[in-house]
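Coordinates as given in query_18.txt (compact mmCIF, C-alpha atoms):
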```txt
# COMPACT_ATOMS: atom_id res chain seq x y z
CA MET A 1 0.00 0.00 0.00
CA LYS A 2 1.51 3.30 -1.06
CA ILE A 3 1.06 6.24 1.29
CA GLU A 4 1.52 9.68 -0.21
CA GLY A 5 4.65 11.35 1.14
CA LEU A 6 6.62 8.19 1.90
CA ARG A 7 8.67 6.34 -0.69
CA MET A 8 10.88 3.35 0.09
CA ARG A 9 13.62 1.78 -1.95
CA GLY A 10 13.18 -1.58 -3.65
CA GLY A 11 13.62 -5.06 -2.21
CA SER A 12 16.83 -5.67 -0.27
CA ASP A 13 19.22 -8.61 -0.23
CA PHE A 14 18.20 -9.15 3.38
CA HIS A 15 14.55 -9.61 2.44
CA ARG A 16 15.30 -12.00 -0.43
CA ASP A 17 17.70 -14.06 1.68
CA LEU A 18 15.26 -14.21 4.60
CA ARG A 19 12.39 -15.43 2.45
CA GLN A 20 14.58 -18.13 0.95
CA ARG A 21 15.70 -19.34 4.38
CA VAL A 22 12.17 -19.39 5.78
CA ASP A 23 10.85 -21.21 2.70
CA ALA A 24 13.66 -23.74 3.06
CA TRP A 25 12.77 -24.29 6.75
CA PHE A 26 9.17 -25.12 5.90
CA THR A 27 10.31 -27.43 3.10
CA GLU A 28 12.80 -29.25 5.33
CA THR A 29 10.40 -29.66 8.25
CA GLY A 30 7.38 -30.51 6.12
CA LYS A 31 5.29 -28.06 8.13
CA ASP A 32 2.48 -25.96 6.70
CA THR A 33 2.65 -22.19 7.08
CA HIS A 34 -0.87 -22.16 8.51
CA GLY A 35 -2.15 -23.35 11.87
CA ASP A 36 -2.36 -26.91 13.14
CA ALA A 37 -4.02 -28.75 16.03
CA ARG A 38 -2.40 -26.35 18.49
CA MET A 39 -4.45 -23.50 17.06
CA TRP A 40 -7.70 -25.41 17.39
CA ARG A 41 -6.95 -26.44 20.98
CA LYS A 42 -6.06 -22.90 21.95
CA SER A 43 -9.12 -21.46 20.22
CA VAL A 44 -11.44 -23.88 21.99
CA ALA A 45 -9.84 -23.11 25.35
CA LEU A 46 -10.12 -19.35 24.92
CA MET A 47 -13.66 -19.47 23.57
CA ALA A 48 -14.75 -21.80 26.36
CA GLY A 49 -13.18 -19.55 29.00
CA PHE A 50 -14.85 -16.51 27.46
CA ALA A 51 -18.26 -18.21 27.36
CA LEU A 52 -17.90 -19.49 30.94
CA MET A 53 -17.16 -15.99 32.24
CA VAL A 54 -20.13 -14.48 30.40
CA GLY A 55 -22.50 -17.30 31.35
CA GLY A 56 -21.22 -17.42 34.91
CA PHE A 57 -22.02 -13.77 35.38
CA TRP A 58 -25.52 -14.18 33.92
CA LEU A 59 -26.18 -16.93 36.49
CA SER A 60 -24.68 -14.97 39.39
CA ASP A 61 -26.34 -12.55 41.80
CA GLY A 62 -24.87 -9.59 39.93
CA GLY A 63 -23.03 -8.27 43.00
CA TRP A 64 -19.59 -6.71 43.17
CA ILE A 65 -17.87 -10.05 43.76
CA ALA A 66 -19.50 -11.41 40.61
CA ILE A 67 -18.74 -8.27 38.59
CA LEU A 68 -15.04 -8.42 39.50
CA GLY A 69 -14.72 -12.20 39.75
CA PHE A 70 -16.13 -12.79 36.29
CA GLY A 71 -15.34 -9.42 34.68
CA ILE A 72 -11.56 -9.39 35.21
CA PRO A 73 -10.89 -12.86 33.75
CA LEU A 74 -13.42 -12.13 31.00
CA GLY A 75 -11.30 -9.15 29.98
CA LEU A 76 -8.24 -11.40 29.77
CA PHE A 77 -10.06 -14.03 27.70
CA TRP A 78 -11.44 -11.19 25.58
CA ALA A 79 -7.94 -9.93 24.79
CA GLY A 80 -6.71 -13.51 24.33
CA LEU A 81 -9.26 -14.11 21.59
CA GLY A 82 -7.94 -11.01 19.89
CA PHE A 83 -4.29 -12.03 20.23
CA SER A 84 -4.64 -15.68 19.26
CA VAL A 85 -7.79 -16.24 17.19
CA MET A 86 -9.13 -13.25 15.29
CA HIS A 87 -5.61 -11.96 14.59
CA ASP A 88 -4.49 -15.03 12.66
CA GLY A 89 -7.90 -15.32 11.03
CA ASN A 90 -7.85 -11.77 9.67
CA HIS A 91 -4.29 -12.27 8.41
CA ALA A 92 -5.42 -15.44 6.57
CA ALA A 93 -2.82 -17.32 8.62
CA TYR A 94 -5.15 -19.49 10.69
CA SER A 95 -6.08 -22.02 8.01
CA THR A 96 -5.72 -22.91 4.35
CA ASP A 97 -9.52 -22.65 4.15
CA LYS A 98 -10.68 -19.10 3.43
CA ARG A 99 -14.00 -19.77 5.14
CA VAL A 100 -12.25 -20.75 8.37
CA ASN A 101 -10.11 -17.61 8.24
CA ARG A 102 -13.19 -15.49 7.64
CA GLY A 103 -15.01 -17.16 10.52
CA MET A 104 -12.13 -16.74 12.93
CA GLY A 105 -11.72 -13.15 11.80
CA PHE A 106 -15.41 -12.54 12.55
CA VAL A 107 -14.63 -13.31 16.19
CA LEU A 108 -13.50 -9.69 16.37
CA ASP A 109 -16.99 -8.52 15.42
CA ILE A 110 -18.52 -10.70 18.12
CA ILE A 111 -16.25 -9.21 20.80
CA GLY A 112 -16.91 -5.61 19.84
CA GLY A 113 -14.71 -4.59 16.92
CA SER A 114 -15.04 -4.71 13.14
CA SER A 115 -13.00 -7.20 11.18
CA TYR A 116 -13.56 -5.15 8.02
CA LEU A 117 -12.16 -1.94 9.49
CA TRP A 118 -9.45 -3.80 11.38
CA ARG A 119 -8.12 -5.40 8.21
CA HIS A 120 -7.77 -1.93 6.70
CA LYS A 121 -6.31 -0.30 9.80
CA HIS A 122 -4.00 -3.14 10.83
CA ASN A 123 -3.15 -5.20 7.76
CA ARG A 124 -2.98 -2.45 5.16
CA VAL A 125 -1.87 0.62 7.12
CA HIS A 126 -0.02 -0.51 10.25
CA HIS A 127 1.79 -3.43 8.64
CA SER A 128 2.78 -1.40 5.60
CA HIS A 129 3.98 1.59 7.62
CA PRO A 130 4.68 0.69 11.27
CA ASN A 131 5.78 3.61 13.43
CA VAL A 132 5.34 6.03 10.53
CA VAL A 133 4.10 9.17 12.25
CA GLY A 134 0.88 10.54 10.79
CA VAL A 135 0.10 7.27 9.00
CA ASP A 136 0.19 4.46 11.58
CA ASP A 137 -3.07 4.90 13.51
CA ASP A 138 -1.72 2.77 16.36
CA LEU A 139 0.47 5.71 17.33
CA GLU A 140 -2.51 8.03 17.75
CA ALA A 141 -4.02 8.68 21.17
CA GLY A 142 -5.41 12.16 20.60
CA PHE A 143 -3.87 14.82 22.80
CA PHE A 144 -3.62 12.47 25.78
CA LEU A 145 -0.32 10.79 24.88
CA ARG A 146 2.75 11.66 22.85
CA MET A 147 4.11 8.35 21.60
CA ALA A 148 6.49 9.38 18.85
CA PRO A 149 8.82 12.16 17.67
CA GLY A 150 7.05 14.55 15.34
CA GLN A 151 3.82 14.51 17.32
CA ASP A 152 2.57 17.61 19.10
CA TRP A 153 3.84 18.13 22.65
CA LEU A 154 1.79 19.46 25.57
CA PRO A 155 2.92 20.19 29.14
CA MET A 156 0.65 17.42 30.44
CA HIS A 157 2.84 14.88 28.64
CA ARG A 158 5.53 15.34 31.29
CA MET A 159 3.49 12.97 33.48
CA GLN A 160 2.30 10.57 30.78
CA GLN A 161 4.58 7.72 31.89
CA TRP A 162 2.43 7.58 35.05
CA TYR A 163 -1.11 8.26 33.88
CA MET A 164 -0.86 6.19 30.67
CA TRP A 165 -1.47 2.85 32.42
CA PRO A 166 -5.10 3.44 33.49
CA LEU A 167 -5.67 5.42 30.31
CA TYR A 168 -4.91 2.29 28.28
CA GLY A 169 -7.94 0.66 29.86
CA PHE A 170 -10.26 3.05 28.04
CA ILE A 171 -9.00 2.04 24.59
CA ALA A 172 -11.43 -0.87 24.22
CA ILE A 173 -14.27 1.19 25.71
CA LYS A 174 -13.64 3.99 23.21
CA TRP A 175 -13.38 1.42 20.43
CA HIS A 176 -16.78 -0.07 21.33
CA LEU A 177 -18.57 3.25 21.70
CA MET A 178 -16.96 5.50 19.10
CA ASP A 179 -14.12 4.41 16.85
CA ASP A 180 -15.79 2.01 14.42
CA TYR A 181 -18.83 4.22 13.96
CA ALA A 182 -16.81 7.42 13.54
CA GLN A 183 -14.41 5.82 11.06
CA MET A 184 -17.28 4.34 9.09
CA MET A 185 -18.89 7.76 8.83
CA ARG A 186 -15.66 9.52 7.85
CA GLY A 187 -14.51 6.89 5.37
CA HIS A 188 -10.88 7.16 6.44
CA ILE A 189 -8.57 6.16 9.28
CA ASN A 190 -5.92 8.71 10.20
CA ASP A 191 -6.40 10.41 6.81
CA VAL A 192 -5.95 7.14 4.91
CA PRO A 193 -9.22 6.47 3.00
CA PHE A 194 -10.96 3.11 2.70
CA ALA A 195 -13.91 1.83 0.69
CA ARG A 196 -17.00 1.61 2.87
CA PRO A 197 -18.27 -1.98 3.20
CA LYS A 198 -21.02 -3.30 0.97
CA GLY A 199 -22.93 -6.55 0.67
CA ARG A 200 -21.54 -9.30 2.86
CA ASP A 201 -18.99 -6.99 4.50
CA LEU A 202 -21.70 -4.55 5.53
CA ALA A 203 -23.94 -7.37 6.74
CA GLU A 204 -21.12 -8.73 8.92
CA PHE A 205 -20.51 -5.28 10.37
CA VAL A 206 -24.19 -4.86 11.34
CA VAL A 207 -24.70 -8.42 12.58
CA GLY A 208 -21.48 -8.28 14.59
CA LYS A 209 -22.57 -5.10 16.35
CA ILE A 210 -25.95 -6.64 17.17
CA ILE A 211 -24.37 -9.79 18.62
CA PHE A 212 -21.85 -7.81 20.66
CA HIS A 213 -24.35 -5.41 22.18
CA ALA A 214 -26.72 -8.30 22.88
CA TRP A 215 -24.32 -10.33 25.05
CA ALA A 216 -22.41 -7.37 26.49
CA ILE A 217 -25.29 -5.07 27.44
CA VAL A 218 -28.83 -6.12 26.49
CA ILE A 219 -29.02 -9.60 28.04
CA PRO A 220 -27.28 -8.68 31.33
CA ALA A 221 -29.44 -5.53 31.49
CA LEU A 222 -32.57 -7.68 31.21
CA ILE A 223 -31.27 -9.89 34.04
CA PHE A 224 -29.77 -7.30 36.43
CA GLY A 225 -30.67 -3.87 35.13
CA LEU A 226 -28.74 -1.45 32.98
CA GLY A 227 -26.46 -0.15 35.76
CA THR A 228 -25.09 -3.57 36.70
CA ALA A 229 -24.76 -4.57 33.05
CA ALA A 230 -22.80 -1.41 32.29
CA LEU A 231 -20.47 -1.95 35.25
CA PHE A 232 -19.72 -5.52 34.17
CA TRP A 233 -18.96 -4.38 30.64
CA LEU A 234 -16.79 -1.50 31.87
CA VAL A 235 -14.71 -3.76 34.14
CA SER A 236 -14.11 -6.43 31.49
CA ALA A 237 -13.51 -3.92 28.67
CA PHE A 238 -11.10 -1.95 30.88
CA VAL A 239 -9.01 -5.06 31.57
CA CYS A 240 -9.14 -6.01 27.89
CA GLY A 241 -8.02 -2.53 26.85
CA ILE A 242 -4.99 -2.57 29.13
CA ALA A 243 -3.91 -5.97 27.84
CA LEU A 244 -4.32 -4.99 24.17
CA ALA A 245 -2.60 -1.63 24.51
CA VAL A 246 0.36 -2.81 26.54
CA VAL A 247 1.17 -5.66 24.13
CA PHE A 248 1.25 -3.25 21.19
CA GLN A 249 3.34 -0.74 23.12
CA LEU A 250 5.95 -3.30 24.12
CA ALA A 251 6.54 -4.13 20.47
CA HIS A 252 6.62 -0.62 18.99
CA CYS A 253 6.78 2.16 21.60
CA VAL A 254 10.02 1.25 23.32
CA GLU A 255 13.53 2.68 23.32
CA GLU A 256 14.82 0.04 20.91
CA ALA A 257 12.33 0.89 18.13
CA ASP A 258 12.80 3.54 15.45
CA PHE A 259 10.15 5.98 14.25
CA VAL A 260 9.72 7.56 10.83
CA VAL A 261 8.43 11.02 9.97
CA PRO A 262 7.62 11.10 6.23
CA PRO A 263 9.85 13.65 4.45
CA THR A 264 8.04 16.65 3.01
CA ASP A 265 10.37 17.02 0.02
CA GLY A 266 9.39 13.72 -1.62
CA SER A 267 12.79 12.14 -1.00
CA ARG A 268 13.08 8.40 -0.61
CA LEU A 269 13.50 6.49 2.65
CA GLU A 270 16.68 4.46 2.34
CA LEU A 271 15.07 1.34 3.74
CA ASP A 272 13.03 -1.29 1.97
CA TRP A 273 9.82 -2.73 3.44
CA ALA A 274 11.53 -5.58 5.33
CA GLU A 275 14.22 -3.33 6.76
CA LEU A 276 11.50 -0.93 7.93
CA GLN A 277 9.78 -3.76 9.81
CA LEU A 278 13.08 -4.74 11.44
CA ALA A 279 13.85 -1.16 12.46
CA THR A 280 10.46 -0.27 13.93
CA THR A 281 9.50 -3.50 15.68
CA VAL A 282 10.87 -5.20 18.80
CA ASP A 283 10.37 -8.72 20.17
CA PHE A 284 10.13 -9.44 23.89
CA ALA A 285 10.15 -12.40 26.27
CA PRO A 286 11.09 -14.98 23.61
CA ASP A 287 11.81 -17.66 26.23
CA ASN A 288 8.53 -17.24 28.10
CA PRO A 289 6.19 -20.04 26.89
CA LEU A 290 3.18 -18.71 28.82
CA ALA A 291 3.51 -15.27 27.23
CA THR A 292 3.96 -16.82 23.79
CA TRP A 293 0.84 -18.97 24.24
CA TYR A 294 -1.42 -16.26 25.61
CA LEU A 295 -0.21 -13.47 23.30
CA GLY A 296 -0.61 -15.54 20.17
CA GLY A 297 3.09 -15.13 19.41
CA LEU A 298 2.80 -11.33 19.42
CA ASN A 299 5.85 -11.18 21.63
CA PHE A 300 7.55 -12.19 18.36
CA GLN A 301 6.33 -9.05 16.59
CA VAL A 302 9.37 -8.86 14.33
CA VAL A 303 8.55 -12.26 12.84
CA HIS A 304 4.88 -11.37 12.61
CA HIS A 305 5.58 -8.14 10.74
CA LEU A 306 7.90 -9.85 8.30
CA PHE A 307 5.58 -12.86 7.76
CA PRO A 308 2.03 -11.81 8.70
CA ARG A 309 0.42 -14.64 6.71
CA ILE A 310 2.29 -17.34 8.63
CA CYS A 311 0.55 -18.73 11.72
CA HIS A 312 1.98 -17.64 15.06
CA VAL A 313 2.63 -21.22 16.24
CA HIS A 314 5.77 -21.16 14.06
CA TYR A 315 7.16 -17.83 15.31
CA PRO A 316 9.62 -19.09 17.97
CA GLU A 317 11.52 -21.13 15.38
CA LEU A 318 11.32 -18.45 12.69
CA ALA A 319 12.69 -15.83 15.12
CA LYS A 320 16.00 -17.71 15.16
CA ILE A 321 16.17 -17.53 11.37
CA VAL A 322 15.32 -13.81 11.37
CA ALA A 323 17.99 -13.03 13.97
CA ALA A 324 20.67 -15.01 12.11
CA THR A 325 19.79 -13.52 8.72
CA ALA A 326 19.77 -9.98 10.11
CA ALA A 327 23.21 -10.53 11.64
CA ASP A 328 24.56 -11.88 8.37
CA HIS A 329 23.43 -8.68 6.61
CA GLY A 330 24.73 -6.31 9.27
CA LEU A 331 21.25 -5.43 10.53
CA LYS A 332 20.01 -5.32 14.09
CA TYR A 333 17.36 -7.73 15.36
CA ARG A 334 15.86 -6.05 18.42
CA CYS A 335 14.55 -7.99 21.41
CA ASN A 336 13.90 -7.35 25.10
CA PRO A 337 14.61 -10.54 27.05
CA THR A 338 11.65 -10.39 29.45
CA VAL A 339 8.23 -8.79 29.84
CA ARG A 340 9.63 -6.77 32.73
CA ALA A 341 12.47 -5.42 30.59
CA ALA A 342 10.02 -4.48 27.84
CA LEU A 343 7.72 -2.70 30.33
CA ALA A 344 10.67 -0.74 31.69
CA SER A 345 11.75 0.23 28.18
CA HIS A 346 8.24 1.43 27.35
CA PHE A 347 8.13 3.48 30.57
CA ARG A 348 11.46 5.13 29.75
CA TRP A 349 10.43 5.84 26.17
CA MET A 350 7.16 7.51 27.19
CA ARG A 351 9.05 9.55 29.79
CA ARG A 352 11.40 10.76 27.05
CA MET A 353 8.48 11.60 24.78
CA GLY A 354 6.94 13.57 27.64
CA ARG A 355 9.85 15.97 27.76
CA THR A 356 9.87 19.03 25.55
CA PRO A 357 10.30 18.14 21.86
CA GLU A 358 13.77 19.70 21.86
CA SER A 359 14.98 17.13 24.39
CA ALA A 360 13.43 14.13 22.66
CA PRO A 361 15.34 11.92 20.20
CA ALA A 362 15.10 12.89 16.56
CA PRO A 363 12.90 10.64 14.38
CA VAL A 364 14.30 8.50 11.63
CA GLY A 365 13.81 10.31 8.33
CA ALA A 366 14.93 10.39 4.75
CA PRO A 367 17.09 10.05 2.82
CA GLU A 368 19.59 8.31 5.11
CA PRO A 369 18.14 7.31 8.49
CA ALA A 370 20.57 6.68 11.31
CA LEU A 371 19.35 3.46 12.88
CA ARG A 372 19.89 3.11 16.60
```

Could you quickly redo this structure as structure tokens?
Amino acid sequence: MKIEGLRMRGGSDFHRDLRQRVDAWFTETGKDTHGDARMWRKSVALMAGFALMVGGFWLSDGGWIAILGFGIPLGLFWAGLGFSVMHDGNHAAYSTDKRVNRGMGFVLDIIGGSSYLWRHKHNRVHHSHPNVVGVDDDLEAGFFLRMAPGQDWLPMHRMQQWYMWPLYGFIAIKWHLMDDYAQMMRGHINDVPFARPKGRDLAEFVVGKIIFHAWAIVIPALIFGLGTAALFWLVSAFVCGIALAVVFQLAHCVEEADFVVPPTDGSRLELDWAELQLATTVDFAPDNPLATWYLGGLNFQVVHHLFPRICHVHYPELAKIVAATAADHGLKYRCNPTVRAALASHFRWMRRMGRTPESAPAPVGAPEPALR
């Protein structure tokens, strides 16, 4: 996808070599690039946990213990379905069957988003231009946060490394109440236009919203009243929002990642697409099997950005190939060893972005970016 104002150079030797090595690994191992039984087992587990939390609350007395006891784990299952099920489905990485991918992608609609808009926002914009300021919508948080060089600075940002954590919890709430509807009305996401859905796509958008509001608000409101239903949704959506936001931030908004401000003179960025992914994306906790399972391999974001149509169950092995290939080509594969280290890096980065713009690091630009 070409974004006006940002030109990249053609394919690099690194990208060609990496694709050949990854193709050879799949040939040698006899594995398929899509999911296997591990994906189905995980999907069933997450869906069952999600359904048990929702059903358990409906059968409860609706008190505070029930709201918190079912709402907090529901938020975690909610995010887990996003990390591990809908994500691979919407990238066509879950299965060789397009209908299965479409069905797993529709999970996002059931849990409050829009698979149609997400594929535009995430697959076409974010994956094509990660950490490109003014293009990558994942870097936008209104005036509340300053995530990247080139964004406007306000005095309130001096404290953002502290107030950002609870603020992240409102991301899913804002998504459910505003984002999809506003973007559908505008016809663009962060100034990048998209074709409004028609036919089946429009039907899925409408049906998904009906299903989501039915289980999240209408049914619990009929059982307990609107106030209790709203509290349960707020608690679970708040937990879900924190989980979703933090995982993205640990992969892109950390000290190790680079950021790009598109040049205004039309000059070319001296990176190709694959080198851009490597420069702007950071892995974390590669030796943590629990994190890898729950996050759907999104702690291996570098691999995911380079091979988004490969199922995440293969990422740990592919990360070794990416790291070795990058080293052979004199490029840096970036990785924080633990979740704690990644959280600390994100905290430090947001603290730096909260200083005055003059004291913040300069963004990577064109024509010759200096990679950290």

Q: Please provide the set of residues having any atom within 7 Å of range 39-53 of chain A, restricted to all atoms listed in the file, with same-chain residues fewer than 5 positions apart removed, written as a PyMOL selection string.
A: chain A and resi 70+74+77-78+80-81+85

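Interatomic distance, CA of His176 in chain A to CA of Gly112 in chain A: 5.7 Å.
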
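Distances here use all atoms listed in the file; by that measure, the residue among A:Met164, A:Ala323, A:Ala79, A:Val207 closest to Val303 in chain A is A:Ala323.
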
Between A:Ile110, A:Ala319, A:Pro337, A:Leu244, smallest distance to Trp165 in chain A by all atoms listed in the file belongs to A:Leu244

A straight line from CA of His346 in chain A to CA of Leu295 in chain A spans 17.6 Å

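CA of Ala257 in chain A is found 11.3 Å from CA of Ala342 in chain A.
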
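Look at Trp153 in chain A: the protein and nucleic acid residues within 8 Å of it, using all atoms listed in the file and passing over chain neighbours fewer than 5 places away, are Arg146, Gly354, Thr356 and Pro357 of chain A.
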
Using only C-alpha atoms, the best pick from A:Tyr294, A:Trp349, A:Phe83, A:Phe194 as closest to Arg119 in chain A would be A:Phe194

Discussion item. Would you pick out the contacts of Arg158 in chain A at 12 Å or less, using only C-alpha atoms, so that residues sharing its chain but fewer than 2 positions from it are not included, and give the list as a list in words?
Written reply: Phe144, Leu145, Arg146, Trp153, Leu154, Pro155, Met156, Gln160, Gln161, Trp162, Tyr163, Met164, Arg348, Trp349, Met350, Arg351, Arg352, Met353, Gly354, Arg355, Thr356, Pro357, Ser359 and Ala360 of chain A

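Nearest-residue note for Ala279 in chain A: choosing from A:Lys320, A:Pro197, A:Gly297, A:Val132, the minimum distance belongs to A:Val132, counting all atoms listed in the file.
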
Open item on the list: Quick one: residues within 12 Å of Ala291 in chain A, only C-alpha atoms, excluding same-chain residues fewer than 4 positions away - as JSON, numbers by chain?
Closed with: {"A": [80, 83, 84, 243, 247, 283, 284, 285, 286, 287, 295, 296, 297, 298, 299, 300, 316, 338, 339, 340]}

### Task
Tell me, as an MDAnalysis selection string, which residues lie within 12 Å of Thr280 in chain A, counting all atoms listed in the file; anything in the same chain fewer than 4 positions away does not count.
chainID A and resid 126:133 136 148 249:260 271 273:276 301:302 305:306 332:335 363:364 371:372

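Closest approach to Thr33 in chain A among A:Asp191, A:Asp201, A:Asp13, A:Asp88: A:Asp88, based on all atoms listed in the file.
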
Could you add the missing atoms to range 94-117 of chain A, up to N, CA and C atoms, and return them as a tab-separated table (two decimals), in the coordinates of the input?
```
chain	number	residue	atom	x	y	z
A	94	TYR	N	-4.60	-18.46	9.82
A	94	TYR	CA	-5.15	-19.49	10.69
A	94	TYR	C	-5.27	-20.83	9.96
A	95	SER	N	-5.78	-20.79	8.73
A	95	SER	CA	-6.08	-22.02	8.01
A	95	SER	C	-5.87	-21.83	6.52
A	96	THR	N	-5.77	-22.96	5.81
A	96	THR	CA	-5.72	-22.91	4.35
A	96	THR	C	-7.11	-22.66	3.77
A	97	ASP	N	-8.14	-22.83	4.57
A	97	ASP	CA	-9.52	-22.65	4.15
A	97	ASP	C	-9.94	-21.20	4.39
A	98	LYS	N	-10.29	-20.50	3.31
A	98	LYS	CA	-10.68	-19.10	3.43
A	98	LYS	C	-11.90	-18.91	4.32
A	99	ARG	N	-12.80	-19.89	4.32
A	99	ARG	CA	-14.00	-19.77	5.14
A	99	ARG	C	-13.66	-19.84	6.62
A	100	VAL	N	-12.69	-20.67	6.97
A	100	VAL	CA	-12.25	-20.75	8.37
A	100	VAL	C	-11.61	-19.43	8.78
A	101	ASN	N	-10.75	-18.89	7.93
A	101	ASN	CA	-10.11	-17.61	8.24
A	101	ASN	C	-11.15	-16.51	8.42
A	102	ARG	N	-12.14	-16.51	7.54
A	102	ARG	CA	-13.19	-15.49	7.64
A	102	ARG	C	-13.97	-15.66	8.94
A	103	GLY	N	-14.27	-16.90	9.29
A	103	GLY	CA	-15.01	-17.16	10.52
A	103	GLY	C	-14.23	-16.77	11.75
A	104	MET	N	-12.95	-17.11	11.78
A	104	MET	CA	-12.13	-16.74	12.93
A	104	MET	C	-11.91	-15.24	12.98
A	105	GLY	N	-11.83	-14.60	11.83
A	105	GLY	CA	-11.72	-13.15	11.80
A	105	GLY	C	-12.97	-12.48	12.33
A	106	PHE	N	-14.14	-13.10	12.09
A	106	PHE	CA	-15.41	-12.54	12.55
A	106	PHE	C	-15.53	-12.56	14.08
A	107	VAL	N	-14.66	-13.34	14.73
A	107	VAL	CA	-14.63	-13.31	16.19
A	107	VAL	C	-14.46	-11.89	16.69
A	108	LEU	N	-13.70	-11.08	15.97
A	108	LEU	CA	-13.50	-9.69	16.37
A	108	LEU	C	-14.82	-8.94	16.40
A	109	ASP	N	-15.68	-9.19	15.44
A	109	ASP	CA	-16.99	-8.52	15.42
A	109	ASP	C	-17.82	-8.93	16.62
A	110	ILE	N	-17.74	-10.20	16.99
A	110	ILE	CA	-18.52	-10.70	18.12
A	110	ILE	C	-18.06	-10.08	19.43
A	111	ILE	N	-16.76	-9.76	19.54
A	111	ILE	CA	-16.25	-9.21	20.80
A	111	ILE	C	-16.12	-7.69	20.76
A	112	GLY	N	-16.75	-7.05	19.77
A	112	GLY	CA	-16.91	-5.61	19.84
A	112	GLY	C	-16.21	-4.77	18.81
A	113	GLY	N	-15.41	-5.36	17.93
A	113	GLY	CA	-14.71	-4.59	16.92
A	113	GLY	C	-15.35	-4.77	15.55
A	114	SER	N	-14.59	-4.49	14.52
A	114	SER	CA	-15.04	-4.71	13.14
A	114	SER	C	-13.88	-5.32	12.37
A	115	SER	N	-14.07	-6.54	11.92
A	115	SER	CA	-13.00	-7.20	11.18
A	115	SER	C	-12.72	-6.47	9.87
A	116	TYR	N	-13.74	-5.88	9.28
A	116	TYR	CA	-13.56	-5.15	8.02
A	116	TYR	C	-12.65	-3.94	8.23
A	117	LEU	N	-12.96	-3.12	9.22
A	117	LEU	CA	-12.16	-1.94	9.49
A	117	LEU	C	-10.78	-2.32	10.02
```
